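Single-structure report; data block below.
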Amino acid sequence: MKPAPFEYVAASSAADAVEALRRHGDEAKVLAGGQSLIPMLALRLARPAALVDINGCGDLEGMAESRGVLTVNALARQRDLEIFARERAPLLAEALRWVAHPPIRNRGTVVGSIVHADPASELPALLLCLDGEVVARRRGGERVISADQLYVAPLTTSLESDELATAVRFTLPPEGAGWGFAEVTRRHGDFALVGCAAVLALDGAGAVTHARLGFFGVGGTPVRSGPGESALLGRQPTPARIGEAAKAAAAALRPDGDLHATAEYRSTVAATLASRVLAAALERCGKAA
Ligand SMILES: Cc1cc2nc3c(=O)[nH]c(=O)nc-3n(C[C@H](O)[C@H](O)[C@H](O)COP(=O)(O)OP(=O)(O)OC[C@H]3O[C@@H](n4cnc5c(N)ncnc54)[C@H](O)[C@@H]3O)c2cc1C
C-alpha cells in the first residue's frame, strides 16, 4: 500500500518544527529517521494530515557528555550513539547492537526510538535504567519528562501532540558500576521477545549501593523493577540473593502472550535473563568497562 496523502513540512530549525506542530495540532507527526513511521504510513496504521520533517534542523544534531549526563539530541542516529558510547556508556553501546540492523541504525534516531515507545524496544528500558529524561518543547515553553513519567501504554507516551522531543538525557552509572544486558529474539535484529538490563555498584564492603533492573517485551511499557532492585540494595549480592532478586522481579511482571510467545514463556525467560544480567553486572563491578 501507499501512504494516504499528507502535507509535507520541511522544518529548518527546532523552532520551525515546533511552530508547524502548533499549527497542525493532533493532525501532525514528526518525521525523524522514518524507520518506524514510514512503514506505519505505508500500512496506513498512521494517517497524519501533515508530516513535520526535522532532518534539516541543524540545531537538533549531535550529542555530548557533561558531568556524568549524556545528552542525545533529536537527530542523533542510533549508530552515532553506538560508536560514541563504546568507552563511556558500554551498556548503551551493547544494547544498540541489538536494535534492528546497521542500515536501520544509520537512519533511526535515538530520540525517535524512545518516544515511539515500542514495548519491545531496547532504548526505552535503558532510559529507565539510566535515570533518563526527555526534553520536550512546544511553542512558548519547554519541560522535562522523567523516564518513569513517560511511558503510558504501547506506542503511547505522555508527550503531547504539539511537543517536539528535542533531546534525551541519560545519567551515566556511578564510577566503578557494572552492567549487564541480554535479550531473546527469534533472529538477530528482530524486536525482542523479552529483554533485560542491569546496573550495579558496590561499596567498599561489597554491599550494593546502586541497583537498576529494567525489562522490555514484558507488557505494554518498559518496566523498571522495584522488587528486583530492593532485594539487592544494601545487601551482599551473593549468588543466592541474585537468584532471589531475579525471581522477585519476574514474579512482579505481567507480560502479555501473543503469536510469538506465551505470557508464561516470557515470565520464565525474564527470570533467567534477570539472573544472568545481574551476575554479569556484578562481575563487571570495579572494572573499567
Ligand atoms: C526491520 C526493522 C527492525 C527493527 N528492529 C528494532 C529493534 O530490534 N529494536 C528497536 O528498538 N527498534 C527496532 N526498529 C525500529 C527502529 O529502531 C526505529 O528507528 C525507531 O523505532 C524510530 O526511530 P526513527 O528515528 O526512525 O523515528 P520515526 O520512524 O521517524 O518516528 C517514530 C515515531 O516517533 C515520533 N517521533 C520521532 N522523533 C520525534 C521527536 N523528536 N519528537 C516527537 N516525536 C518524534 C514520530 O512522529 C513517530 O510517531 C526496527 C525497524 C525496522 C524497520
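All residue names refer to the C-alpha cells as shown: chains lettered A, B, ... in order, residues numbered from 1 in each chain, ligands numbered from 1 in order.
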
- [ ] From a DSSP calculation on the backbone, collect every residue of stretch 132-270 of chain A in strand (DSSP E or B) and output the set as JSON, numbers by chain.
- [x] {"A": [133, 134, 135, 136, 137, 138, 141, 142, 143, 144, 145, 146, 151, 152, 153, 156, 157, 164, 165, 166, 167, 168, 169, 170, 171, 178, 179, 180, 181, 182, 183, 184, 194, 195, 196, 197, 198, 199, 200, 201, 202, 208, 209, 210, 211, 212, 213, 214, 215, 216, 223, 224, 233]}

Neighbours of ligand 1 within 7 Å, counting only C-alpha atoms and all ligand atoms, as a compact mmCIF listing (two decimals) with C-alpha atoms, in the first residue's frame?
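pocket_7.txt was written with the following content:
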# COMPACT_ATOMS: atom_id res chain seq x y z
CA LYS A 29 3.53 13.70 13.12
CA VAL A 30 7.24 14.38 13.44
CA LEU A 31 9.37 12.57 10.85
CA ALA A 32 12.82 11.70 12.24
CA GLY A 33 14.62 8.60 10.92
CA GLY A 34 11.37 7.27 9.47
CA GLN A 35 12.26 3.66 10.34
CA SER A 36 9.04 3.14 12.29
CA LEU A 37 6.83 5.91 10.93
CA ILE A 38 7.26 5.23 7.21
CA ALA A 74 16.78 14.57 18.38
CA TRP A 98 20.66 -5.47 19.26
CA VAL A 99 18.49 -2.76 17.70
CA ALA A 100 17.49 -3.85 14.19
CA HIS A 101 20.41 -3.86 11.68
CA ILE A 104 18.31 0.92 10.11
CA ARG A 105 20.50 2.25 12.94
CA ARG A 107 18.87 6.34 9.89
CA GLY A 108 16.85 5.64 13.04
CA THR A 109 17.27 8.21 15.80
CA VAL A 110 17.77 7.54 19.50
CA VAL A 111 15.05 10.01 20.41
CA GLY A 112 12.67 8.56 17.80
CA SER A 113 13.05 5.10 19.31
CA VAL A 115 9.34 8.36 22.01
CA HIS A 116 7.96 5.76 19.59
CA ASP A 118 7.51 0.18 21.29
CA ALA A 120 9.81 -4.47 22.88
CA SER A 121 12.41 -1.75 22.18
CA GLU A 122 15.74 -1.70 23.94
CA LEU A 123 16.30 2.05 24.41
CA GLU A 163 5.52 18.83 21.61
CA LEU A 164 8.81 18.12 19.91
CA ALA A 165 11.23 15.92 21.85
CA THR A 166 14.41 17.91 21.33
CA GLY A 189 17.77 -7.76 14.60
CA ASP A 190 14.19 -8.72 15.40
CA PHE A 191 12.37 -6.97 18.20
CA ALA A 192 12.97 -8.76 21.50

Mind running stretch 14-70 of chain A against stretch 78-94 of chain A at 9 Å and telling me each contacting residue's nearest atom pair with the distance in Å (one decimal), counting only C-alpha atoms, chain and number ascending, as a tab-separated table?
residue	atom	partner	partner_atom	distance
A:Gly62	CA	A:Asp80	CA	8.7
A:Met63	CA	A:Leu81	CA	7.9
A:Glu65	CA	A:Arg88	CA	9.0
A:Leu70	CA	A:Ala89	CA	8.9

Write out as a PDB file with C-alpha atoms, in the first residue's frame each polymer residue whose atoms come within 8 Å of A:Leu60, counting only C-alpha atoms; drop sequence neighbours fewer than 6 positions from it.
ATOM      1  CA  SER A  13      15.119  24.526  12.958  1.00  0.00           C
ATOM      2  CA  ALA A  14      13.586  23.221  16.165  1.00  0.00           C
ATOM      3  CA  ASN A  73      19.764  15.446  20.540  1.00  0.00           C
ATOM      4  CA  ALA A  74      16.775  14.565  18.383  1.00  0.00           C
ATOM      5  CA  LEU A  75      18.686  13.993  15.159  1.00  0.00           C
ATOM      6  CA  ALA A  76      21.495  11.836  16.577  1.00  0.00           C
ATOM      7  CA  THR A 166      14.411  17.911  21.333  1.00  0.00           C
ATOM      8  CA  ALA A 167      16.735  15.612  23.297  1.00  0.00           C
TER       9      ALA A 167
END

Mind checking which residues fall within 10 Å of A:Ala245, counting only C-alpha atoms, ignoring those fewer than 4 positions away in the same chain, and posting them as a short mmCIF file (atom, residue, chain, number, x, y, z; two decimals) with N, CA and C atoms, in the first residue's frame?
data_model
loop_
_atom_site.label_atom_id
_atom_site.label_comp_id
_atom_site.auth_asym_id
_atom_site.auth_seq_id
_atom_site.Cartn_x
_atom_site.Cartn_y
_atom_site.Cartn_z
N LEU A 213 17.33 -2.37 37.47
CA LEU A 213 16.97 -3.58 36.73
C LEU A 213 15.76 -3.22 35.86
N SER A 225 12.24 -2.53 37.64
CA SER A 225 11.78 -3.47 38.67
C SER A 225 12.13 -3.02 40.08
N GLY A 226 11.14 -2.45 40.77
CA GLY A 226 11.31 -2.11 42.19
C GLY A 226 11.64 -3.34 43.03
N PRO A 227 10.87 -4.44 42.91
CA PRO A 227 11.14 -5.61 43.75
C PRO A 227 12.53 -6.20 43.50
N GLY A 228 12.96 -6.23 42.25
CA GLY A 228 14.29 -6.78 41.94
C GLY A 228 15.39 -5.92 42.55
N GLU A 229 15.23 -4.60 42.45
CA GLU A 229 16.26 -3.70 42.97
C GLU A 229 16.30 -3.72 44.49
N SER A 230 15.11 -3.70 45.12
CA SER A 230 15.15 -3.62 46.59
C SER A 230 15.61 -4.93 47.23
N ALA A 231 15.52 -6.03 46.48
CA ALA A 231 16.04 -7.30 47.02
C ALA A 231 17.57 -7.26 47.13
N LEU A 232 18.21 -6.31 46.45
CA LEU A 232 19.67 -6.26 46.45
C LEU A 232 20.25 -5.08 47.22
N PRO A 237 25.61 -9.08 47.32
CA PRO A 237 24.97 -9.75 46.18
C PRO A 237 25.49 -11.17 45.98
N PRO A 239 25.29 -15.20 45.10
CA PRO A 239 24.54 -15.86 44.01
C PRO A 239 23.10 -16.16 44.43
N ALA A 240 22.91 -16.58 45.68
CA ALA A 240 21.54 -16.89 46.12
C ALA A 240 20.67 -15.63 46.09
N ARG A 241 21.26 -14.51 46.54
CA ARG A 241 20.46 -13.27 46.58
C ARG A 241 20.16 -12.77 45.16
N ALA A 249 11.73 -10.10 40.75
CA ALA A 249 11.48 -9.18 39.64
C ALA A 249 10.52 -9.81 38.63
N ALA A 250 10.80 -11.05 38.26
CA ALA A 250 9.96 -11.71 37.24
C ALA A 250 8.54 -11.94 37.76
N ALA A 251 8.42 -12.23 39.06
CA ALA A 251 7.09 -12.51 39.62
C ALA A 251 6.20 -11.27 39.57
N ALA A 271 12.94 -14.20 34.21
CA ALA A 271 13.67 -14.59 35.43
C ALA A 271 15.08 -15.03 35.09
N ALA A 274 17.16 -11.98 33.96
CA ALA A 274 17.46 -11.09 35.08
C ALA A 274 18.62 -11.66 35.89
N SER A 275 18.59 -12.95 36.12
CA SER A 275 19.66 -13.55 36.90
C SER A 275 21.00 -13.43 36.14
N LEU A 278 22.21 -9.62 36.08
CA LEU A 278 22.69 -9.19 37.41
C LEU A 278 24.06 -9.81 37.69
#

Task: Two-atom distance - atom CA of A:Leu259, atom CA of A:Asn106 (Å) - done: 29.5 Å

- [ ] For each of A:Gly58, A:Gly234, A:Pro5, A:Gly219, take the minimum atom-to-atom distance to A:Pro154, counting only C-alpha atoms, then give the residue where this is smallest.
- [x] A:Gly219

Task: Which of stretch 32-65 of chain A fall in alpha helix (DSSP H), as a count of residues only - done: 6

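We find atom CA of A:Lys2 and atom CA of A:Pro39 to be spaced 9.6 Å apart.
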
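Residue nearest A:Thr185, chosen from A:Leu150, A:Arg266, A:Glu244, A:Leu253 and counting only C-alpha atoms: A:Arg266.
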
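Among the candidates A:Ser12, A:Thr171, A:Ser158, A:Gln236, the residue lying nearest to A:Val72 is A:Thr171 (atoms considered: only C-alpha atoms).
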
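With only C-alpha atoms as the atoms that count, the residue of A:Glu7, A:Glu183, A:Asp256, A:Asp148 with the shortest distance to A:Ala50 is A:Glu7.
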
TODO: Using only C-alpha atoms, pick whichever of A:Leu159, A:Cys196, A:Val144, A:Leu51 has the shortest atom-to-atom distance to A:Ala281.
DONE: A:Cys196
